[in-house]
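A.B. asks: Coordinates in coords07.pdb, PDB, C-alpha atoms and all ligand atoms, are listed below.
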```pdb
ATOM      1  CA  MET A   1      92.155 134.157  52.170  1.00  0.00           C
ATOM      2  CA  ARG A   2      90.487 136.613  49.818  1.00  0.00           C
ATOM      3  CA  LEU A   3      91.307 137.091  46.166  1.00  0.00           C
ATOM      4  CA  ILE A   4      89.563 138.910  43.355  1.00  0.00           C
ATOM      5  CA  ASP A   5      89.195 137.713  39.796  1.00  0.00           C
ATOM      6  CA  THR A   6      89.018 141.189  38.276  1.00  0.00           C
ATOM      7  CA  HIS A   7      88.355 139.934  34.742  1.00  0.00           C
ATOM      8  CA  ALA A   8      85.980 137.059  33.999  1.00  0.00           C
ATOM      9  CA  HIS A   9      83.613 136.363  31.102  1.00  0.00           C
ATOM     10  CA  LEU A  10      80.933 134.417  32.937  1.00  0.00           C
ATOM     11  CA  ASP A  11      78.365 135.148  30.236  1.00  0.00           C
ATOM     12  CA  SER A  12      80.408 132.915  27.906  1.00  0.00           C
ATOM     13  CA  GLN A  13      78.806 129.805  26.382  1.00  0.00           C
ATOM     14  CA  SER A  14      81.623 127.842  28.024  1.00  0.00           C
ATOM     15  CA  PHE A  15      79.758 128.241  31.327  1.00  0.00           C
ATOM     16  CA  SER A  16      76.315 127.262  30.031  1.00  0.00           C
ATOM     17  CA  GLU A  17      76.461 123.830  31.720  1.00  0.00           C
ATOM     18  CA  ASP A  18      77.820 124.815  35.123  1.00  0.00           C
ATOM     19  CA  ARG A  19      77.777 128.592  35.568  1.00  0.00           C
ATOM     20  CA  GLU A  20      76.334 128.509  39.089  1.00  0.00           C
ATOM     21  CA  GLU A  21      78.722 125.762  40.204  1.00  0.00           C
ATOM     22  CA  ALA A  22      81.711 127.667  38.840  1.00  0.00           C
ATOM     23  CA  ILE A  23      80.608 130.780  40.719  1.00  0.00           C
ATOM     24  CA  GLN A  24      80.096 128.756  43.903  1.00  0.00           C
ATOM     25  CA  ARG A  25      83.511 127.112  43.641  1.00  0.00           C
ATOM     26  CA  ALA A  26      85.072 130.572  43.565  1.00  0.00           C
ATOM     27  CA  GLN A  27      82.937 132.077  46.305  1.00  0.00           C
ATOM     28  CA  ALA A  28      83.496 129.080  48.584  1.00  0.00           C
ATOM     29  CA  ALA A  29      87.235 129.771  48.250  1.00  0.00           C
ATOM     30  CA  GLY A  30      86.808 133.454  49.172  1.00  0.00           C
ATOM     31  CA  ILE A  31      87.145 134.713  45.605  1.00  0.00           C
ATOM     32  CA  GLN A  32      85.136 137.702  44.395  1.00  0.00           C
ATOM     33  CA  ILE A  33      84.468 138.153  40.699  1.00  0.00           C
ATOM     34  CA  ILE A  34      84.097 141.057  38.293  1.00  0.00           C
ATOM     35  CA  THR A  35      82.421 139.792  35.134  1.00  0.00           C
ATOM     36  CA  MET A  36      82.807 141.750  31.901  1.00  0.00           C
ATOM     37  CA  GLY A  37      80.352 142.951  29.317  1.00  0.00           C
ATOM     38  CA  THR A  38      81.508 142.662  25.707  1.00  0.00           C
ATOM     39  CA  ASP A  39      78.444 144.049  23.888  1.00  0.00           C
ATOM     40  CA  LEU A  40      75.044 145.442  24.911  1.00  0.00           C
ATOM     41  CA  ASP A  41      73.423 142.040  25.521  1.00  0.00           C
ATOM     42  CA  SER A  42      76.485 140.669  27.273  1.00  0.00           C
ATOM     43  CA  SER A  43      76.624 143.767  29.481  1.00  0.00           C
ATOM     44  CA  GLY A  44      72.986 143.267  30.441  1.00  0.00           C
ATOM     45  CA  MET A  45      73.715 139.617  31.263  1.00  0.00           C
ATOM     46  CA  ALA A  46      76.749 140.602  33.336  1.00  0.00           C
ATOM     47  CA  VAL A  47      74.630 142.985  35.402  1.00  0.00           C
ATOM     48  CA  ARG A  48      71.857 140.430  35.993  1.00  0.00           C
ATOM     49  CA  MET A  49      74.390 137.753  36.958  1.00  0.00           C
ATOM     50  CA  ALA A  50      76.156 140.134  39.318  1.00  0.00           C
ATOM     51  CA  GLN A  51      72.930 141.004  41.075  1.00  0.00           C
ATOM     52  CA  LYS A  52      71.753 137.397  41.289  1.00  0.00           C
ATOM     53  CA  HIS A  53      75.026 135.879  42.496  1.00  0.00           C
ATOM     54  CA  LYS A  54      76.623 138.768  44.397  1.00  0.00           C
ATOM     55  CA  LEU A  55      79.337 139.356  41.818  1.00  0.00           C
ATOM     56  CA  TYR A  56      80.387 142.675  40.342  1.00  0.00           C
ATOM     57  CA  ALA A  57      79.905 143.670  36.711  1.00  0.00           C
ATOM     58  CA  ALA A  58      81.552 145.897  34.142  1.00  0.00           C
ATOM     59  CA  VAL A  59      79.578 147.119  31.134  1.00  0.00           C
ATOM     60  CA  GLY A  60      81.154 147.850  27.792  1.00  0.00           C
ATOM     61  CA  ILE A  61      81.757 146.951  24.166  1.00  0.00           C
ATOM     62  CA  HIS A  62      84.810 144.880  23.285  1.00  0.00           C
ATOM     63  CA  PRO A  63      86.801 146.091  20.256  1.00  0.00           C
ATOM     64  CA  HIS A  64      85.919 142.846  18.440  1.00  0.00           C
ATOM     65  CA  GLN A  65      82.247 143.914  18.566  1.00  0.00           C
ATOM     66  CA  ALA A  66      82.780 147.546  17.582  1.00  0.00           C
ATOM     67  CA  GLN A  67      81.559 147.289  13.995  1.00  0.00           C
ATOM     68  CA  ARG A  68      78.102 146.254  15.211  1.00  0.00           C
ATOM     69  CA  TYR A  69      77.702 149.675  16.851  1.00  0.00           C
ATOM     70  CA  SER A  70      79.578 152.071  14.595  1.00  0.00           C
ATOM     71  CA  ASP A  71      79.922 152.715  10.865  1.00  0.00           C
ATOM     72  CA  GLY A  72      83.411 154.065  11.550  1.00  0.00           C
ATOM     73  CA  GLU A  73      82.261 157.672  11.809  1.00  0.00           C
ATOM     74  CA  LYS A  74      79.715 157.774  14.579  1.00  0.00           C
ATOM     75  CA  LEU A  75      78.321 155.614  17.324  1.00  0.00           C
ATOM     76  CA  ASP A  76      74.776 154.237  17.034  1.00  0.00           C
ATOM     77  CA  ASP A  77      72.358 156.446  18.961  1.00  0.00           C
ATOM     78  CA  ASP A  78      71.122 153.884  21.469  1.00  0.00           C
ATOM     79  CA  VAL A  79      74.522 152.696  22.753  1.00  0.00           C
ATOM     80  CA  ILE A  80      75.320 155.380  25.320  1.00  0.00           C
ATOM     81  CA  PRO A  81      71.785 155.589  26.785  1.00  0.00           C
ATOM     82  CA  ARG A  82      71.637 151.805  27.180  1.00  0.00           C
ATOM     83  CA  LEU A  83      75.072 151.543  28.775  1.00  0.00           C
ATOM     84  CA  GLU A  84      74.345 154.549  30.961  1.00  0.00           C
ATOM     85  CA  ALA A  85      71.218 152.829  32.302  1.00  0.00           C
ATOM     86  CA  LEU A  86      73.235 149.699  33.077  1.00  0.00           C
ATOM     87  CA  LEU A  87      76.024 151.713  34.666  1.00  0.00           C
ATOM     88  CA  GLY A  88      73.519 153.079  37.162  1.00  0.00           C
ATOM     89  CA  GLU A  89      72.497 149.594  38.318  1.00  0.00           C
ATOM     90  CA  LYS A  90      73.582 147.983  41.578  1.00  0.00           C
ATOM     91  CA  ARG A  91      76.892 146.060  41.592  1.00  0.00           C
ATOM     92  CA  VAL A  92      78.157 147.697  38.368  1.00  0.00           C
ATOM     93  CA  VAL A  93      81.664 148.954  39.108  1.00  0.00           C
ATOM     94  CA  ALA A  94      83.366 149.785  35.805  1.00  0.00           C
ATOM     95  CA  VAL A  95      83.174 150.448  32.085  1.00  0.00           C
ATOM     96  CA  GLY A  96      84.722 147.458  30.329  1.00  0.00           C
ATOM     97  CA  GLU A  97      85.783 145.597  28.416  1.00  0.00           C
ATOM     98  CA  ILE A  98      86.857 148.337  26.032  1.00  0.00           C
ATOM     99  CA  GLY A  99      89.969 149.062  23.992  1.00  0.00           C
ATOM    100  CA  LEU A 100      91.613 148.397  20.647  1.00  0.00           C
ATOM    101  CA  ASP A 101      92.691 145.125  19.026  1.00  0.00           C
ATOM    102  CA  TYR A 102      94.923 145.294  15.926  1.00  0.00           C
ATOM    103  CA  PHE A 103      95.989 141.648  16.256  1.00  0.00           C
ATOM    104  CA  LYS A 104      92.745 139.968  15.251  1.00  0.00           C
ATOM    105  CA  GLU A 105      91.176 143.173  13.964  1.00  0.00           C
ATOM    106  CA  PHE A 106      87.704 141.620  13.812  1.00  0.00           C
ATOM    107  CA  SER A 107      86.317 145.154  13.533  1.00  0.00           C
ATOM    108  CA  PRO A 108      87.767 147.903  11.322  1.00  0.00           C
ATOM    109  CA  ARG A 109      90.050 150.232  13.217  1.00  0.00           C
ATOM    110  CA  ASP A 110      87.942 153.337  12.667  1.00  0.00           C
ATOM    111  CA  ALA A 111      84.902 151.659  14.241  1.00  0.00           C
ATOM    112  CA  GLN A 112      87.080 150.483  17.151  1.00  0.00           C
ATOM    113  CA  HIS A 113      88.272 154.039  17.711  1.00  0.00           C
ATOM    114  CA  VAL A 114      84.753 155.506  17.657  1.00  0.00           C
ATOM    115  CA  VAL A 115      83.517 152.992  20.225  1.00  0.00           C
ATOM    116  CA  PHE A 116      86.613 153.218  22.452  1.00  0.00           C
ATOM    117  CA  ARG A 117      86.591 157.013  22.630  1.00  0.00           C
ATOM    118  CA  ALA A 118      82.844 157.184  23.254  1.00  0.00           C
ATOM    119  CA  LEU A 119      82.997 154.672  26.094  1.00  0.00           C
ATOM    120  CA  LEU A 120      85.969 156.405  27.680  1.00  0.00           C
ATOM    121  CA  GLY A 121      83.849 159.553  27.577  1.00  0.00           C
ATOM    122  CA  LEU A 122      81.035 157.698  29.323  1.00  0.00           C
ATOM    123  CA  ALA A 123      83.422 156.479  32.031  1.00  0.00           C
ATOM    124  CA  GLN A 124      84.834 159.956  32.476  1.00  0.00           C
ATOM    125  CA  LYS A 125      81.369 161.492  32.833  1.00  0.00           C
ATOM    126  CA  HIS A 126      80.438 158.987  35.540  1.00  0.00           C
ATOM    127  CA  LYS A 127      83.885 158.845  37.142  1.00  0.00           C
ATOM    128  CA  ALA A 128      83.876 155.090  36.588  1.00  0.00           C
ATOM    129  CA  PRO A 129      87.092 153.078  36.298  1.00  0.00           C
ATOM    130  CA  VAL A 130      87.799 151.426  32.942  1.00  0.00           C
ATOM    131  CA  VAL A 131      88.944 147.914  32.007  1.00  0.00           C
ATOM    132  CA  ILE A 132      91.188 148.092  28.967  1.00  0.00           C
ATOM    133  CA  HIS A 133      91.959 145.483  26.295  1.00  0.00           C
ATOM    134  CA  THR A 134      94.926 146.138  24.040  1.00  0.00           C
ATOM    135  CA  ARG A 135      96.584 143.815  21.567  1.00  0.00           C
ATOM    136  CA  ASN A 136      99.191 145.084  19.085  1.00  0.00           C
ATOM    137  CA  SER A 137      97.569 148.491  19.644  1.00  0.00           C
ATOM    138  CA  GLU A 138      99.465 149.747  22.695  1.00  0.00           C
ATOM    139  CA  GLU A 139     100.713 152.957  21.114  1.00  0.00           C
ATOM    140  CA  ASP A 140      97.235 154.165  20.145  1.00  0.00           C
ATOM    141  CA  VAL A 141      95.656 152.944  23.387  1.00  0.00           C
ATOM    142  CA  LEU A 142      98.193 154.755  25.562  1.00  0.00           C
ATOM    143  CA  LYS A 143      97.846 157.950  23.527  1.00  0.00           C
ATOM    144  CA  ILE A 144      94.055 157.902  23.818  1.00  0.00           C
ATOM    145  CA  LEU A 145      94.153 157.059  27.540  1.00  0.00           C
ATOM    146  CA  ALA A 146      96.584 159.914  28.144  1.00  0.00           C
ATOM    147  CA  GLU A 147      94.093 162.318  26.537  1.00  0.00           C
ATOM    148  CA  SER A 148      91.158 160.960  28.540  1.00  0.00           C
ATOM    149  CA  LYS A 149      90.769 161.643  32.221  1.00  0.00           C
ATOM    150  CA  THR A 150      90.060 158.066  33.201  1.00  0.00           C
ATOM    151  CA  LEU A 151      91.730 155.576  35.495  1.00  0.00           C
ATOM    152  CA  GLY A 152      91.538 151.839  35.439  1.00  0.00           C
ATOM    153  CA  VAL A 153      93.369 148.665  34.551  1.00  0.00           C
ATOM    154  CA  VAL A 154      95.148 147.463  31.436  1.00  0.00           C
ATOM    155  CA  HIS A 155      94.127 143.848  31.674  1.00  0.00           C
ATOM    156  CA  SER A 156      95.985 140.707  30.575  1.00  0.00           C
ATOM    157  CA  PHE A 157      99.365 142.390  30.722  1.00  0.00           C
ATOM    158  CA  ALA A 158     101.911 140.459  28.661  1.00  0.00           C
ATOM    159  CA  GLY A 159     104.428 143.151  27.733  1.00  0.00           C
ATOM    160  CA  ASP A 160     107.892 144.216  28.804  1.00  0.00           C
ATOM    161  CA  ALA A 161     109.093 146.527  31.578  1.00  0.00           C
ATOM    162  CA  ALA A 162     109.095 149.571  29.271  1.00  0.00           C
ATOM    163  CA  LEU A 163     105.409 149.091  28.439  1.00  0.00           C
ATOM    164  CA  ALA A 164     104.582 148.473  32.104  1.00  0.00           C
ATOM    165  CA  LYS A 165     106.224 151.782  32.978  1.00  0.00           C
ATOM    166  CA  LYS A 166     104.208 153.690  30.371  1.00  0.00           C
ATOM    167  CA  ILE A 167     100.988 152.231  31.764  1.00  0.00           C
ATOM    168  CA  LEU A 168     102.030 152.961  35.351  1.00  0.00           C
ATOM    169  CA  ASP A 169     102.926 156.544  34.399  1.00  0.00           C
ATOM    170  CA  LEU A 170      99.299 157.062  33.353  1.00  0.00           C
ATOM    171  CA  GLY A 171      98.219 155.999  36.839  1.00  0.00           C
ATOM    172  CA  PHE A 172      96.761 152.731  35.598  1.00  0.00           C
ATOM    173  CA  TYR A 173      96.870 149.323  37.238  1.00  0.00           C
ATOM    174  CA  LEU A 174      98.009 146.173  35.422  1.00  0.00           C
ATOM    175  CA  GLY A 175      96.075 142.908  35.442  1.00  0.00           C
ATOM    176  CA  VAL A 176      97.935 139.598  35.284  1.00  0.00           C
ATOM    177  CA  ASN A 177      96.492 136.183  34.500  1.00  0.00           C
ATOM    178  CA  GLY A 178      97.376 132.648  33.402  1.00  0.00           C
ATOM    179  CA  ILE A 179      99.827 133.907  30.775  1.00  0.00           C
ATOM    180  CA  ALA A 180     102.192 134.752  33.647  1.00  0.00           C
ATOM    181  CA  THR A 181     102.215 131.074  34.700  1.00  0.00           C
ATOM    182  CA  PHE A 182     103.299 129.583  31.357  1.00  0.00           C
ATOM    183  CA  PRO A 183     106.803 128.062  31.186  1.00  0.00           C
ATOM    184  CA  LYS A 184     107.764 130.295  28.252  1.00  0.00           C
ATOM    185  CA  SER A 185     106.711 133.453  30.129  1.00  0.00           C
ATOM    186  CA  GLY A 186     110.031 134.000  31.905  1.00  0.00           C
ATOM    187  CA  PRO A 187     110.488 137.439  30.289  1.00  0.00           C
ATOM    188  CA  LEU A 188     106.947 138.424  31.311  1.00  0.00           C
ATOM    189  CA  ARG A 189     107.635 137.408  34.921  1.00  0.00           C
ATOM    190  CA  GLU A 190     110.768 139.586  34.844  1.00  0.00           C
ATOM    191  CA  ALA A 191     108.639 142.513  33.616  1.00  0.00           C
ATOM    192  CA  ILE A 192     106.010 141.882  36.308  1.00  0.00           C
ATOM    193  CA  LYS A 193     108.753 142.137  38.938  1.00  0.00           C
ATOM    194  CA  THR A 194     109.159 145.807  37.977  1.00  0.00           C
ATOM    195  CA  ILE A 195     105.505 146.624  38.669  1.00  0.00           C
ATOM    196  CA  PRO A 196     104.928 147.985  42.176  1.00  0.00           C
ATOM    197  CA  ILE A 197     102.731 145.408  43.922  1.00  0.00           C
ATOM    198  CA  LYS A 198     100.270 148.170  44.849  1.00  0.00           C
ATOM    199  CA  ARG A 199      99.433 148.556  41.172  1.00  0.00           C
ATOM    200  CA  LEU A 200      98.868 144.888  40.382  1.00  0.00           C
ATOM    201  CA  LEU A 201      95.514 143.135  39.957  1.00  0.00           C
ATOM    202  CA  THR A 202      94.813 139.422  39.639  1.00  0.00           C
ATOM    203  CA  GLU A 203      92.456 138.041  37.006  1.00  0.00           C
ATOM    204  CA  THR A 204      91.681 134.909  35.004  1.00  0.00           C
ATOM    205  CA  ASP A 205      90.164 136.196  31.714  1.00  0.00           C
ATOM    206  CA  CYS A 206      88.191 132.949  31.897  1.00  0.00           C
ATOM    207  CA  PRO A 207      87.102 130.923  29.981  1.00  0.00           C
ATOM    208  CA  PHE A 208      90.377 131.672  28.143  1.00  0.00           C
ATOM    209  CA  LEU A 209      94.002 131.357  29.305  1.00  0.00           C
ATOM    210  CA  ALA A 210      93.835 128.642  31.969  1.00  0.00           C
ATOM    211  CA  PRO A 211      96.924 128.789  34.198  1.00  0.00           C
ATOM    212  CA  ILE A 212      99.608 126.132  33.811  1.00  0.00           C
ATOM    213  CA  GLN A 213      98.182 124.082  36.684  1.00  0.00           C
ATOM    214  CA  HIS A 214      95.044 123.546  34.545  1.00  0.00           C
ATOM    215  CA  ARG A 215      96.587 123.630  31.098  1.00  0.00           C
ATOM    216  CA  GLY A 216      94.110 122.673  28.376  1.00  0.00           C
ATOM    217  CA  ALA A 217      91.102 122.952  30.665  1.00  0.00           C
ATOM    218  CA  ARG A 218      88.445 125.627  30.579  1.00  0.00           C
ATOM    219  CA  ASN A 219      89.526 128.457  32.821  1.00  0.00           C
ATOM    220  CA  GLU A 220      87.251 129.615  35.661  1.00  0.00           C
ATOM    221  CA  PRO A 221      87.357 132.225  38.458  1.00  0.00           C
ATOM    222  CA  SER A 222      88.551 129.811  41.171  1.00  0.00           C
ATOM    223  CA  PHE A 223      91.780 129.344  39.194  1.00  0.00           C
ATOM    224  CA  VAL A 224      92.799 132.915  40.057  1.00  0.00           C
ATOM    225  CA  GLU A 225      94.427 131.327  43.085  1.00  0.00           C
ATOM    226  CA  ASP A 226      96.776 129.422  40.774  1.00  0.00           C
ATOM    227  CA  VAL A 227      97.712 132.690  39.088  1.00  0.00           C
ATOM    228  CA  ALA A 228      98.301 134.288  42.481  1.00  0.00           C
ATOM    229  CA  ARG A 229     100.429 131.341  43.600  1.00  0.00           C
ATOM    230  CA  VAL A 230     102.863 131.834  40.708  1.00  0.00           C
ATOM    231  CA  VAL A 231     102.903 135.643  40.724  1.00  0.00           C
ATOM    232  CA  SER A 232     103.346 135.887  44.500  1.00  0.00           C
ATOM    233  CA  GLY A 233     106.494 133.810  43.966  1.00  0.00           C
ATOM    234  CA  VAL A 234     107.701 136.340  41.395  1.00  0.00           C
ATOM    235  CA  TYR A 235     107.519 138.967  44.156  1.00  0.00           C
ATOM    236  CA  GLY A 236     109.123 136.576  46.649  1.00  0.00           C
ATOM    237  CA  MET A 237     106.039 137.000  48.772  1.00  0.00           C
ATOM    238  CA  GLY A 238     103.755 134.612  50.628  1.00  0.00           C
ATOM    239  CA  LEU A 239     100.431 133.882  48.947  1.00  0.00           C
ATOM    240  CA  GLU A 240      98.420 135.298  51.869  1.00  0.00           C
ATOM    241  CA  GLU A 241     100.179 138.650  51.849  1.00  0.00           C
ATOM    242  CA  PHE A 242     100.019 138.847  48.056  1.00  0.00           C
ATOM    243  CA  ALA A 243      96.292 138.101  48.134  1.00  0.00           C
ATOM    244  CA  LYS A 244      95.679 140.756  50.773  1.00  0.00           C
ATOM    245  CA  ILE A 245      97.500 143.497  48.866  1.00  0.00           C
ATOM    246  CA  THR A 246      96.053 142.716  45.425  1.00  0.00           C
ATOM    247  CA  THR A 247      92.553 142.465  46.908  1.00  0.00           C
ATOM    248  CA  GLU A 248      92.984 145.884  48.514  1.00  0.00           C
ATOM    249  CA  ASN A 249      94.149 147.219  45.139  1.00  0.00           C
ATOM    250  CA  ALA A 250      90.995 146.019  43.393  1.00  0.00           C
ATOM    251  CA  MET A 251      88.796 147.337  46.194  1.00  0.00           C
ATOM    252  CA  ARG A 252      90.459 150.753  45.914  1.00  0.00           C
ATOM    253  CA  LEU A 253      90.232 150.975  42.109  1.00  0.00           C
ATOM    254  CA  PHE A 254      86.690 149.626  41.739  1.00  0.00           C
ATOM    255  CA  LYS A 255      85.421 151.102  45.014  1.00  0.00           C
ATOM    256  CA  LEU A 256      84.110 147.750  46.217  1.00  0.00           C
ATOM    257  CA  GLY A 257      82.248 147.711  49.503  1.00  0.00           C
TER     258      GLY A 257
HETATM  259 ZN    ZN A 301      88.364 139.883  28.487  1.00  0.00          ZN
END
```
Take the structure in this file and express it as structure tokens.
C.D. replies:
Amino acid sequence: MRLIDTHAHLDSQSFSEDREEAIQRAQAAGIQIITMGTDLDSSGMAVRMAQKHKLYAAVGIHPHQAQRYSDGEKLDDDVIPRLEALLGEKRVVAVGEIGLDYFKEFSPRDAQHVVFRALLGLAQKHKAPVVIHTRNSEEDVLKILAESKTLGVVHSFAGDAALAKKILDLGFYLGVNGIATFPKSGPLREAIKTIPIKRLLTETDCPFLAPIQHRGARNEPSFVEDVARVVSGVYGMGLEEFAKITTENAMRLFKLG
């Protein structure tokens, strides 16, 4: 069986003791991994890890980090050239993680907007798919995505059917993770049911959001199978068939070999 963890943070400190083992556990189970960049250094690490361990990488600046690269009016000069160089490297398949976060709002909104729009522009120029983070910011994110000519995935979907439809109408995919396995996520599972399976991606968002089967533990890419086990049931589908379709979806979106 093949599955893809389309959203991992393998550069996280949480993997400092056993990064290679965690990668091997996933690969031994037939799981491919796309690891995210969250700032310039993290994006560089993601690319080096991808090349060393035969993963895939996305390069980007997470909204939490936006204020380090923008004063709220313009983007620092070196950001686009540095990301552009990384984007040209082998095994780099997307611009991400990018987006807006009004829930924690670790960076001021104007800085988040400057960074988000600039990185969407970068993705558009290179025809690269985007990996989108949105939290309490869906209205602005959808408006900005509608104006940009990018395609990609809205990751960690935890909304209702109406939000799913708006995302689908933009041509985007939706990524689901451990949140969909939690006992209290009945309404989310109902919303997921409305998403055409051809537009669904599996992910972990590790080290965060371990699925119910590993509650309280650090999350890791191999646990994407536990996500798939629950979500395949939502579709009333066997795990094998679900894995095949969602893997094909990721391969199509990220143009994986
Ligand atoms: Zn993430």
A.B. asks: Using all atoms listed in the file - which residues lie no farther than 6 Å from the point (78.6, 144.1, 24.9) in the file's frame? Write them as a PyMOL selection string.
C.D. replies: chain A and resi 37-43+60-61
A.B. asks: List all protein, DNA and RNA residues that have at least one atom no more than 10 Å from any atom of ligand ZN 301 (chain A), counting all atoms listed in the file, and write them as a ChimeraX atom specification.
C.D. replies: /A:6-9,35-38,62,96-98,131-133,155-156,203-208
A.B. asks: Quote the spacing between atom CA of Lys184 of chain A and atom CA of Leu3 of chain A in Å to one decimal place.
C.D. replies: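 Going from atom CA of Lys184 of chain A over to atom CA of Leu3 of chain A, I get 25.3 Å.
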A.B. asks: Between atom CA of Ile167 of chain A and atom CA of Asp140 of chain A, measure the distance and give it in Å to one decimal.
C.D. replies: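 These atoms are spaced 12.4 Å apart.
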A.B. asks: Nearest to Gly216 of chain A: which of A:Gly178, A:Gly238, A:His53, A:Arg2 is it, counting only C-alpha atoms?
C.D. replies: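 Looking only at the distances to Gly216 of chain A, the closest residue turns out to be A:Gly178.
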A.B. asks: Here is a test: counting only C-alpha atoms, which residue of A:Val227, A:Ile197, A:Val95, A:Leu188 is nearest to Ala158 of chain A?
C.D. replies: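 Using only C-alpha atoms, Ala158 of chain A sits closest to A:Leu188.
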A.B. asks: Go through A:Phe172, A:Phe157, A:Tyr235, A:Phe242 and flag the residue nearest Thr194 of chain A, using all atoms listed in the file for the distances.
C.D. replies: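 Nearest to Thr194 of chain A: A:Tyr235.
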A.B. asks: Might you spell out which residues the PyMOL selection byres (((chain A and resi 195) around 10) and not hetatm) would select in the displayed file, as a list in words?
C.D. replies: Ala161, Ala164, Lys165, Ile167, Leu168, Tyr173, Leu174, Glu190, Ala191, Ile192, Lys193, Thr194, Pro196, Ile197, Lys198, Arg199, Leu200 and Tyr235 of chain A
A.B. asks: Can you work out which one of A:Val231, A:Ala50, A:Leu100, A:Leu119 has the shortest atom-to-atom distance to Pro211 of chain A, counting all atoms listed in the file?
C.D. replies: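 Among the listed residues, A:Val231 lies closest to Pro211 of chain A.
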A.B. asks: Evaluated on this file, the PyMOL selection byres (((chain A and resi 68-72) around 8) and not hetatm) picks out some residues - which ones are they, written as a PDB file with C-alpha atoms, in the coordinates of the input?
C.D. replies:
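Final file, part_16.pdb:
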```pdb
ATOM      1  CA  GLN A  65      82.247 143.914  18.566  1.00  0.00           C
ATOM      2  CA  ALA A  66      82.780 147.546  17.582  1.00  0.00           C
ATOM      3  CA  GLN A  67      81.559 147.289  13.995  1.00  0.00           C
ATOM      4  CA  GLU A  73      82.261 157.672  11.809  1.00  0.00           C
ATOM      5  CA  LYS A  74      79.715 157.774  14.579  1.00  0.00           C
ATOM      6  CA  LEU A  75      78.321 155.614  17.324  1.00  0.00           C
ATOM      7  CA  ASP A  76      74.776 154.237  17.034  1.00  0.00           C
ATOM      8  CA  VAL A  79      74.522 152.696  22.753  1.00  0.00           C
ATOM      9  CA  PRO A 108      87.767 147.903  11.322  1.00  0.00           C
ATOM     10  CA  ARG A 109      90.050 150.232  13.217  1.00  0.00           C
ATOM     11  CA  ASP A 110      87.942 153.337  12.667  1.00  0.00           C
ATOM     12  CA  ALA A 111      84.902 151.659  14.241  1.00  0.00           C
ATOM     13  CA  GLN A 112      87.080 150.483  17.151  1.00  0.00           C
ATOM     14  CA  HIS A 113      88.272 154.039  17.711  1.00  0.00           C
ATOM     15  CA  VAL A 114      84.753 155.506  17.657  1.00  0.00           C
ATOM     16  CA  VAL A 115      83.517 152.992  20.225  1.00  0.00           C
TER      17      VAL A 115
END
```
A.B. asks: Residues at most 12 Å from segment 25-29 of chain A, counting all atoms listed in the file, excluding those fewer than 5 positions away in the same chain, as a PyMOL selection string?
C.D. replies: chain A and resi 1-5+8+18-20+34+53-55+204+219-225
A.B. asks: Hey, can you check how far atom CA of His64 of chain A sits from atom CA of Ala180 of chain A?
C.D. replies: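 Pair atom CA of His64 of chain A / atom CA of Ala180 of chain A returns 23.7 Å.
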A.B. asks: Between A:Leu87, A:Val234, A:Ala94, A:Val130, which residue has the minimum interatomic distance to Pro187 of chain A, considering only C-alpha atoms?
C.D. replies: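 Nearest to Pro187 of chain A: A:Val234.
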A.B. asks: Care to translate the PyMOL selection byres (((chain A and resi 91) around 8) and not hetatm) into actual residues of this file, as a list in words?
C.D. replies: Val47, Ala50, Gln51, Lys54, Leu55, Tyr56, Ala57, Glu89, Lys90, Val92 and Val93 of chain A
A.B. asks: With only C-alpha atoms as the basis for distance, which of A:Arg252, A:Lys104, A:Arg82, A:Lys244 is at the shortest distance from Leu151 of chain A?
C.D. replies: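 Of A:Arg252, A:Lys104, A:Arg82, A:Lys244, the one nearest Leu151 of chain A, counting only C-alpha atoms, is A:Arg252.
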A.B. asks: Counting all atoms listed in the file, write as number ranges by chain all protein and nucleic acid residues lying at most 8 Å from (86.1, 121.4, 28.4) in the file's frame.
C.D. replies: A: 14, 217-218
